[in-house]
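These notes concern the structure reproduced below.
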Amino acid sequence: LTAELTARKKQYEYYRDELLTFGDEVEWKTLEEVCTSISAGGDLPNKYSKGQESPSKKYQYPIYSNAIEKDGLYGYTDSYRIDSEAVTVSARGTIGFHTTRKAKFTPIVRLITLIADTEKITTNYLNYSLFVAGIEGITTGIPSLTVPMIKKFKIPVPPLAEQERIVSILDKFDALVNDISIGLPAEIEARQKQYEYYREKLLSFKELDRKEA
């Protein structure tokens, strides 16, 4: 099962890179050209609940930080700084990790937020395109990215219809890989129980009657 998951991930990455490889017919643009806003996260809000994993009546809006675990979810607060769908990029620590975010959230510390100009690019395509943008931070000290650095990265920008086609294909691949990941523990547990069942069956013998001499 682990080998199957690894193979599917490699297959997904291969097709993702193939779909995002274009010839001269597609223009490459800087992120600054295709985004209406690129900004860095700030301090924590005044009121928040660290470690909260789902919205509550008091704290409804997620706070995201530079992390991969739980998609960087830090906790929840009663307000938000970003009111539209966006892509976030970790600028320190787990540098380069990027994902889409639903509207109404708060980025903190060095988490950079990109808001797509939807007349030029879709949010989901923007996120996928970052895989071929070559995002890298500085190599001295603690690796990090800055807003001016992010703005200069270039990505391929095909027509919106082609962007949507690419996203549709990649979403299906991504779901396939994630479904396998989620299903692995249950599958392993089922196989273990099956093994134990047949092991007990094979090692269970009826005691033979022995006639006294």
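Naming works like this for the structure tokens: A, B, ... for the chains as they're shown, residue 1 at the start of each chain, ligands 1 onward in shown order.
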
Practice problem: Name the residues in contact with Pro107 (chain A) at a cut-off of 7 Å, using only C-alpha atoms, excluding same-chain residues fewer than 6 positions from it; report them as a PyMOL selection string. | Solution: chain A and resi 41-42+63-65

Self-check item: region 132-136 of chain A surroundings by only C-alpha atoms, 9 Å radius, close-in-sequence under 5 positions cut, as number ranges by chain
Solution: A: 17, 20-21, 95-96, 143-145, 150, 153-156

Quiz item: Interatomic distance between CA of Trp28 (chain A) and CA of Val157 (chain A)?
Solution: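 Interatomic distance, CA of Trp28 (chain A) to CA of Val157 (chain A): 5.9 Å.
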
Quiz item: A:Thr146, A:Thr106, A:Gln163, A:Asn127: which is nearest Asp78 (chain A), counting only C-alpha atoms?
Solution: A:Thr106

Can you tell me which residues surround Leu126 (chain A) at a distance of at most 10 Å, considering only C-alpha atoms, apart from same-chain residues fewer than 6 positions away, and format the answer as a PDB file with all heavy atoms, in the first residue's frame?
```pdb
ATOM      1  N   LEU A  31       4.139  37.346 -10.547  1.00  0.00           N
ATOM      2  CA  LEU A  31       3.008  37.242  -9.626  1.00  0.00           C
ATOM      3  C   LEU A  31       2.403  38.608  -9.346  1.00  0.00           C
ATOM      4  O   LEU A  31       1.190  38.738  -9.139  1.00  0.00           O
ATOM      5  CB  LEU A  31       3.462  36.575  -8.317  1.00  0.00           C
ATOM      6  CG  LEU A  31       3.831  35.095  -8.441  1.00  0.00           C
ATOM      7  CD1 LEU A  31       4.385  34.562  -7.127  1.00  0.00           C
ATOM      8  CD2 LEU A  31       2.634  34.260  -8.888  1.00  0.00           C
ATOM      9  N   VAL A  34      -0.330  39.387 -11.898  1.00  0.00           N
ATOM     10  CA  VAL A  34      -1.577  38.616 -11.903  1.00  0.00           C
ATOM     11  C   VAL A  34      -2.301  38.627 -10.557  1.00  0.00           C
ATOM     12  O   VAL A  34      -3.325  37.951 -10.397  1.00  0.00           O
ATOM     13  CB  VAL A  34      -1.327  37.156 -12.342  1.00  0.00           C
ATOM     14  CG1 VAL A  34      -0.814  37.108 -13.769  1.00  0.00           C
ATOM     15  CG2 VAL A  34      -0.377  36.450 -11.389  1.00  0.00           C
ATOM     16  N   CYS A  35      -1.777  39.386  -9.609  1.00  0.00           N
ATOM     17  CA  CYS A  35      -2.412  39.468  -8.291  1.00  0.00           C
ATOM     18  C   CYS A  35      -2.835  40.900  -7.998  1.00  0.00           C
ATOM     19  O   CYS A  35      -2.138  41.851  -8.360  1.00  0.00           O
ATOM     20  CB  CYS A  35      -1.455  38.994  -7.195  1.00  0.00           C
ATOM     21  SG  CYS A  35      -1.070  37.231  -7.269  1.00  0.00           S
ATOM     22  N   ALA A  86      -7.936  33.228  -1.379  1.00  0.00           N
ATOM     23  CA  ALA A  86      -6.546  33.589  -1.615  1.00  0.00           C
ATOM     24  C   ALA A  86      -5.639  32.362  -1.610  1.00  0.00           C
ATOM     25  O   ALA A  86      -6.084  31.236  -1.348  1.00  0.00           O
ATOM     26  CB  ALA A  86      -6.084  34.582  -0.548  1.00  0.00           C
ATOM     27  N   VAL A  87      -4.375  32.600  -1.914  1.00  0.00           N
ATOM     28  CA  VAL A  87      -3.331  31.581  -1.802  1.00  0.00           C
ATOM     29  C   VAL A  87      -2.321  32.092  -0.788  1.00  0.00           C
ATOM     30  O   VAL A  87      -1.934  33.260  -0.826  1.00  0.00           O
ATOM     31  CB  VAL A  87      -2.621  31.347  -3.160  1.00  0.00           C
ATOM     32  CG1 VAL A  87      -1.436  30.390  -2.993  1.00  0.00           C
ATOM     33  CG2 VAL A  87      -3.602  30.786  -4.183  1.00  0.00           C
ATOM     34  N   THR A  99      -0.924  26.917  -0.410  1.00  0.00           N
ATOM     35  CA  THR A  99      -2.230  26.286  -0.510  1.00  0.00           C
ATOM     36  C   THR A  99      -3.303  27.366  -0.670  1.00  0.00           C
ATOM     37  O   THR A  99      -3.044  28.545  -0.433  1.00  0.00           O
ATOM     38  CB  THR A  99      -2.534  25.439   0.747  1.00  0.00           C
ATOM     39  OG1 THR A  99      -3.727  24.676   0.535  1.00  0.00           O
ATOM     40  CG2 THR A  99      -2.711  26.308   1.987  1.00  0.00           C
ATOM     41  N   THR A 100      -4.484  26.958  -1.091  1.00  0.00           N
ATOM     42  CA  THR A 100      -5.593  27.912  -1.225  1.00  0.00           C
ATOM     43  C   THR A 100      -6.291  28.084   0.121  1.00  0.00           C
ATOM     44  O   THR A 100      -6.288  27.173   0.954  1.00  0.00           O
ATOM     45  CB  THR A 100      -6.613  27.441  -2.273  1.00  0.00           C
ATOM     46  OG1 THR A 100      -7.071  26.128  -1.923  1.00  0.00           O
ATOM     47  CG2 THR A 100      -5.988  27.396  -3.660  1.00  0.00           C
ATOM     48  N   LEU A 114      -1.520  35.873  -1.308  1.00  0.00           N
ATOM     49  CA  LEU A 114      -1.671  36.316  -2.691  1.00  0.00           C
ATOM     50  C   LEU A 114      -3.156  36.293  -3.059  1.00  0.00           C
ATOM     51  O   LEU A 114      -3.800  35.253  -2.940  1.00  0.00           O
ATOM     52  CB  LEU A 114      -0.901  35.404  -3.659  1.00  0.00           C
ATOM     53  CG  LEU A 114       0.627  35.451  -3.642  1.00  0.00           C
ATOM     54  CD1 LEU A 114       1.194  34.778  -2.393  1.00  0.00           C
ATOM     55  CD2 LEU A 114       1.180  34.743  -4.872  1.00  0.00           C
ATOM     56  N   ILE A 115      -3.670  37.427  -3.498  1.00  0.00           N
ATOM     57  CA  ILE A 115      -5.060  37.496  -3.955  1.00  0.00           C
ATOM     58  C   ILE A 115      -5.042  37.650  -5.472  1.00  0.00           C
ATOM     59  O   ILE A 115      -4.474  38.606  -6.004  1.00  0.00           O
ATOM     60  CB  ILE A 115      -5.802  38.672  -3.295  1.00  0.00           C
ATOM     61  CG1 ILE A 115      -5.835  38.469  -1.777  1.00  0.00           C
ATOM     62  CG2 ILE A 115      -7.216  38.780  -3.853  1.00  0.00           C
ATOM     63  CD1 ILE A 115      -6.487  39.600  -1.015  1.00  0.00           C
ATOM     64  N   ALA A 116      -5.636  36.680  -6.154  1.00  0.00           N
ATOM     65  CA  ALA A 116      -5.593  36.642  -7.618  1.00  0.00           C
ATOM     66  C   ALA A 116      -6.460  37.727  -8.241  1.00  0.00           C
ATOM     67  O   ALA A 116      -7.536  38.054  -7.739  1.00  0.00           O
ATOM     68  CB  ALA A 116      -6.058  35.274  -8.109  1.00  0.00           C
ATOM     69  N   ASP A 117      -5.966  38.259  -9.356  1.00  0.00           N
ATOM     70  CA  ASP A 117      -6.789  39.127 -10.212  1.00  0.00           C
ATOM     71  C   ASP A 117      -7.596  38.176 -11.085  1.00  0.00           C
ATOM     72  O   ASP A 117      -7.090  37.623 -12.075  1.00  0.00           O
ATOM     73  CB  ASP A 117      -5.885  40.022 -11.069  1.00  0.00           C
ATOM     74  CG  ASP A 117      -6.674  40.961 -11.973  1.00  0.00           C
ATOM     75  OD1 ASP A 117      -7.883  40.724 -12.166  1.00  0.00           O
ATOM     76  OD2 ASP A 117      -6.076  41.905 -12.508  1.00  0.00           O
ATOM     77  N   THR A 118      -8.848  37.949 -10.728  1.00  0.00           N
ATOM     78  CA  THR A 118      -9.645  36.903 -11.360  1.00  0.00           C
ATOM     79  C   THR A 118      -9.988  37.179 -12.824  1.00  0.00           C
ATOM     80  O   THR A 118     -10.543  36.311 -13.505  1.00  0.00           O
ATOM     81  CB  THR A 118     -10.946  36.664 -10.566  1.00  0.00           C
ATOM     82  OG1 THR A 118     -11.631  37.904 -10.388  1.00  0.00           O
ATOM     83  CG2 THR A 118     -10.620  36.070  -9.199  1.00  0.00           C
ATOM     84  N   ILE A 155       5.148  32.968 -13.602  1.00  0.00           N
ATOM     85  CA  ILE A 155       4.356  31.747 -13.815  1.00  0.00           C
ATOM     86  C   ILE A 155       3.735  31.786 -15.203  1.00  0.00           C
ATOM     87  O   ILE A 155       3.518  32.857 -15.766  1.00  0.00           O
ATOM     88  CB  ILE A 155       3.244  31.608 -12.756  1.00  0.00           C
ATOM     89  CG1 ILE A 155       2.334  32.843 -12.796  1.00  0.00           C
ATOM     90  CG2 ILE A 155       3.811  31.380 -11.369  1.00  0.00           C
ATOM     91  CD1 ILE A 155       1.069  32.701 -11.976  1.00  0.00           C
ATOM     92  N   PRO A 156       3.426  30.607 -15.786  1.00  0.00           N
ATOM     93  CA  PRO A 156       2.748  30.572 -17.089  1.00  0.00           C
ATOM     94  C   PRO A 156       1.275  30.910 -16.910  1.00  0.00           C
ATOM     95  O   PRO A 156       0.622  30.408 -16.002  1.00  0.00           O
ATOM     96  CB  PRO A 156       2.940  29.122 -17.541  1.00  0.00           C
ATOM     97  CG  PRO A 156       3.059  28.342 -16.263  1.00  0.00           C
ATOM     98  CD  PRO A 156       3.752  29.259 -15.290  1.00  0.00           C
ATOM     99  N   VAL A 157       0.745  31.774 -17.782  1.00  0.00           N
ATOM    100  CA  VAL A 157      -0.650  32.204 -17.643  1.00  0.00           C
ATOM    101  C   VAL A 157      -1.410  31.976 -18.952  1.00  0.00           C
ATOM    102  O   VAL A 157      -1.490  32.851 -19.809  1.00  0.00           O
ATOM    103  CB  VAL A 157      -0.732  33.689 -17.233  1.00  0.00           C
ATOM    104  CG1 VAL A 157      -2.188  34.070 -16.957  1.00  0.00           C
ATOM    105  CG2 VAL A 157       0.130  33.969 -16.011  1.00  0.00           C
ATOM    106  N   GLN A 163      -6.945  27.339 -17.977  1.00  0.00           N
ATOM    107  CA  GLN A 163      -6.630  27.252 -16.544  1.00  0.00           C
ATOM    108  C   GLN A 163      -7.634  26.348 -15.832  1.00  0.00           C
ATOM    109  O   GLN A 163      -7.262  25.489 -15.025  1.00  0.00           O
ATOM    110  CB  GLN A 163      -6.664  28.645 -15.911  1.00  0.00           C
ATOM    111  CG  GLN A 163      -5.556  29.576 -16.355  1.00  0.00           C
ATOM    112  CD  GLN A 163      -5.685  30.949 -15.718  1.00  0.00           C
ATOM    113  OE1 GLN A 163      -6.132  31.080 -14.571  1.00  0.00           O
ATOM    114  NE2 GLN A 163      -5.300  31.990 -16.443  1.00  0.00           N
ATOM    115  N   VAL A 167      -6.916  22.834 -13.858  1.00  0.00           N
ATOM    116  CA  VAL A 167      -7.291  22.691 -12.448  1.00  0.00           C
ATOM    117  C   VAL A 167      -8.209  21.489 -12.257  1.00  0.00           C
ATOM    118  O   VAL A 167      -8.064  20.723 -11.291  1.00  0.00           O
ATOM    119  CB  VAL A 167      -7.977  23.976 -11.940  1.00  0.00           C
ATOM    120  CG1 VAL A 167      -8.668  23.726 -10.592  1.00  0.00           C
ATOM    121  CG2 VAL A 167      -6.963  25.096 -11.812  1.00  0.00           C
TER     122      VAL A 167
END
```

Practice problem: Rank A:Ser54, A:Ser49, A:Thr6, A:Ser129 by their smallest atom-to-atom distance to Thr77 (chain A), using only C-alpha atoms, and report the top residue only. | Solution: A:Ser49

Quiz item: Which distance in Å separates CA of Glu164 (chain A) and CA of Asn124 (chain A), to one decimal?
Solution: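 Pair CA of Glu164 (chain A) / CA of Asn124 (chain A) returns 8.5 Å.
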
Quiz item: Which value, in Å to one decimal, gives the distance between CA of Tyr76 (chain A) and CA of Leu44 (chain A)?
Solution: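 These two atoms are separated by 10.4 Å.
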
Report the residues of chain A whose backbone DSSP state falls under strand (DSSP E), written as a CSV table (one decimal) with N, CA, C and O atoms, in the first residue's frame.
```csv
chain,number,residue,atom,x,y,z
A,27,GLU,N,2.2,33.1,-22.3
A,27,GLU,CA,3.0,34.2,-21.7
A,27,GLU,C,3.3,33.9,-20.2
A,27,GLU,O,2.4,33.5,-19.5
A,28,TRP,N,4.5,34.2,-19.8
A,28,TRP,CA,4.9,34.1,-18.4
A,28,TRP,C,4.8,35.5,-17.8
A,28,TRP,O,5.3,36.4,-18.4
A,29,LYS,N,4.1,35.6,-16.7
A,29,LYS,CA,3.9,36.9,-16.0
A,29,LYS,C,4.4,36.8,-14.6
A,29,LYS,O,4.4,35.7,-14.0
A,30,THR,N,4.8,37.9,-14.0
A,30,THR,CA,5.2,37.9,-12.6
A,30,THR,C,3.9,37.8,-11.8
A,30,THR,O,2.8,38.1,-12.2
A,35,CYS,N,-1.8,39.4,-9.6
A,35,CYS,CA,-2.4,39.5,-8.3
A,35,CYS,C,-2.8,40.9,-8.0
A,35,CYS,O,-2.1,41.9,-8.4
A,36,THR,N,-4.0,41.0,-7.3
A,36,THR,CA,-4.4,42.4,-6.9
A,36,THR,C,-3.7,42.8,-5.6
A,36,THR,O,-3.7,44.0,-5.3
A,37,SER,N,-3.3,41.8,-4.9
A,37,SER,CA,-2.6,42.1,-3.6
A,37,SER,C,-1.6,41.0,-3.2
A,37,SER,O,-2.0,39.8,-3.4
A,38,ILE,N,-0.5,41.3,-2.7
A,38,ILE,CA,0.5,40.4,-2.2
A,38,ILE,C,1.0,41.0,-0.9
A,38,ILE,O,1.6,42.1,-0.9
A,39,SER,N,0.7,40.4,0.2
A,39,SER,CA,1.0,41.0,1.5
A,39,SER,C,1.5,39.9,2.5
A,39,SER,O,1.2,38.7,2.4
A,40,ALA,N,2.2,40.4,3.5
A,40,ALA,CA,2.8,39.5,4.6
A,40,ALA,C,1.8,39.5,5.8
A,40,ALA,O,1.1,40.5,6.0
A,48,TYR,N,-8.1,35.7,20.5
A,48,TYR,CA,-8.0,34.4,19.7
A,48,TYR,C,-7.9,33.2,20.6
A,48,TYR,O,-7.7,33.3,21.8
A,49,SER,N,-8.1,32.1,20.1
A,49,SER,CA,-8.0,30.8,20.8
A,49,SER,C,-7.0,29.9,20.1
A,49,SER,O,-7.3,29.3,19.0
A,50,LYS,N,-5.8,29.8,20.6
A,50,LYS,CA,-4.7,29.0,20.1
A,50,LYS,C,-5.1,27.5,20.2
A,50,LYS,O,-5.5,27.0,21.2
A,61,TYR,N,-13.3,32.7,12.8
A,61,TYR,CA,-12.4,32.8,11.7
A,61,TYR,C,-11.0,32.2,11.9
A,61,TYR,O,-10.4,32.5,13.0
A,62,PRO,N,-10.5,31.4,11.0
A,62,PRO,CA,-9.2,30.8,11.2
A,62,PRO,C,-8.0,31.7,11.1
A,62,PRO,O,-8.1,32.7,10.4
A,63,ILE,N,-7.0,31.3,11.9
A,63,ILE,CA,-5.7,32.0,11.9
A,63,ILE,C,-4.7,31.0,11.3
A,63,ILE,O,-4.7,29.9,11.7
A,64,TYR,N,-4.0,31.4,10.3
A,64,TYR,CA,-3.0,30.5,9.6
A,64,TYR,C,-1.6,31.1,9.8
A,64,TYR,O,-1.3,32.3,9.8
A,73,LEU,N,-3.0,25.7,10.4
A,73,LEU,CA,-4.0,26.3,11.3
A,73,LEU,C,-3.4,26.5,12.6
A,73,LEU,O,-3.0,25.6,13.3
A,74,TYR,N,-3.5,27.8,13.1
A,74,TYR,CA,-2.9,28.2,14.4
A,74,TYR,C,-4.0,28.2,15.4
A,74,TYR,O,-3.8,27.9,16.6
A,75,GLY,N,-5.2,28.6,15.0
A,75,GLY,CA,-6.3,28.7,16.0
A,75,GLY,C,-7.4,29.5,15.3
A,75,GLY,O,-7.5,29.6,14.1
A,76,TYR,N,-8.3,30.1,16.1
A,76,TYR,CA,-9.4,30.9,15.6
A,76,TYR,C,-9.5,32.2,16.3
A,76,TYR,O,-9.1,32.4,17.5
A,77,THR,N,-10.2,33.2,15.7
A,77,THR,CA,-10.3,34.5,16.2
A,77,THR,C,-11.7,35.0,15.9
A,77,THR,O,-12.5,34.4,15.2
A,86,ALA,N,-7.9,33.2,-1.4
A,86,ALA,CA,-6.5,33.6,-1.6
A,86,ALA,C,-5.6,32.4,-1.6
A,86,ALA,O,-6.1,31.2,-1.3
A,87,VAL,N,-4.4,32.6,-1.9
A,87,VAL,CA,-3.3,31.6,-1.8
A,87,VAL,C,-2.3,32.1,-0.8
A,87,VAL,O,-1.9,33.3,-0.8
A,88,THR,N,-1.9,31.2,0.1
A,88,THR,CA,-0.9,31.6,1.1
A,88,THR,C,0.4,30.9,0.8
A,88,THR,O,0.4,29.7,0.4
A,89,VAL,N,1.5,31.5,1.1
A,89,VAL,CA,2.9,30.9,0.9
A,89,VAL,C,3.7,31.1,2.2
A,89,VAL,O,3.8,32.2,2.7
A,90,SER,N,4.2,30.0,2.7
A,90,SER,CA,5.0,30.1,3.9
A,90,SER,C,6.3,30.8,3.6
A,90,SER,O,7.1,30.3,2.7
A,98,HIS,N,2.6,26.1,0.0
A,98,HIS,CA,1.5,27.0,-0.5
A,98,HIS,C,0.2,26.2,-0.6
A,98,HIS,O,0.2,25.0,-0.9
A,99,THR,N,-0.9,26.9,-0.4
A,99,THR,CA,-2.2,26.3,-0.5
A,99,THR,C,-3.3,27.4,-0.7
A,99,THR,O,-3.0,28.5,-0.4
A,100,THR,N,-4.5,27.0,-1.1
A,100,THR,CA,-5.6,27.9,-1.2
A,100,THR,C,-6.3,28.1,0.1
A,100,THR,O,-6.3,27.2,1.0
A,101,ARG,N,-6.9,29.2,0.3
A,101,ARG,CA,-7.6,29.5,1.5
A,101,ARG,C,-9.0,30.1,1.2
A,101,ARG,O,-9.1,30.9,0.2
A,106,THR,N,-7.2,35.1,8.9
A,106,THR,CA,-6.1,36.0,9.3
A,106,THR,C,-4.7,35.3,9.2
A,106,THR,O,-4.5,34.2,9.8
A,107,PRO,N,-3.8,35.8,8.3
A,107,PRO,CA,-2.5,35.2,8.2
A,107,PRO,C,-1.6,35.9,9.3
A,107,PRO,O,-1.7,37.1,9.5
A,111,LEU,N,3.6,34.7,6.9
A,111,LEU,CA,2.8,34.0,5.9
A,111,LEU,C,2.3,35.0,4.9
A,111,LEU,O,1.6,36.0,5.2
A,112,ILE,N,2.7,34.8,3.6
A,112,ILE,CA,2.4,35.7,2.6
A,112,ILE,C,1.1,35.3,1.9
A,112,ILE,O,0.9,34.2,1.6
A,113,THR,N,0.3,36.3,1.7
A,113,THR,CA,-1.1,36.1,1.1
A,113,THR,C,-1.1,36.7,-0.3
A,113,THR,O,-0.8,37.9,-0.5
A,114,LEU,N,-1.5,35.9,-1.3
A,114,LEU,CA,-1.7,36.3,-2.7
A,114,LEU,C,-3.2,36.3,-3.1
A,114,LEU,O,-3.8,35.3,-2.9
A,115,ILE,N,-3.7,37.4,-3.5
A,115,ILE,CA,-5.1,37.5,-4.0
A,115,ILE,C,-5.0,37.7,-5.5
A,115,ILE,O,-4.5,38.6,-6.0
A,116,ALA,N,-5.6,36.7,-6.2
A,116,ALA,CA,-5.6,36.6,-7.6
A,116,ALA,C,-6.5,37.7,-8.2
A,116,ALA,O,-7.5,38.1,-7.7
A,154,LYS,N,7.9,34.4,-11.8
A,154,LYS,CA,7.1,34.3,-12.9
A,154,LYS,C,6.4,32.9,-13.1
A,154,LYS,O,6.9,31.9,-12.7
A,155,ILE,N,5.1,33.0,-13.6
A,155,ILE,CA,4.4,31.7,-13.8
A,155,ILE,C,3.7,31.8,-15.2
A,155,ILE,O,3.5,32.9,-15.8
A,156,PRO,N,3.4,30.6,-15.8
A,156,PRO,CA,2.7,30.6,-17.1
A,156,PRO,C,1.3,30.9,-16.9
A,156,PRO,O,0.6,30.4,-16.0
A,157,VAL,N,0.7,31.8,-17.8
A,157,VAL,CA,-0.7,32.2,-17.6
A,157,VAL,C,-1.4,32.0,-19.0
A,157,VAL,O,-1.5,32.9,-19.8
```

Quiz item: Taking the backbone alone, and naming residues the way the document does, which bits of region 24-210 of chain A are helix (DSSP H, G or I) by DSSP, as number ranges by chain?
Solution: A: 31-34, 69-72, 123-132, 147-152, 160-202

Quiz prompt | Among listed residues A:Arg16, A:Arg110, A:Arg81, A:Arg8, nearest Phe131 (chain A) (using only C-alpha atoms) | solution =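 The answer is A:Arg16, which sits nearest to Phe131 (chain A).
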
Quiz item: Out of A:Glu32, A:Lys10, A:Lys120, A:Asn66, which residue has the shortest atom-to-atom distance to Lys152 (chain A) when counting only C-alpha atoms?
Solution: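 The answer is A:Glu32, which sits nearest to Lys152 (chain A).
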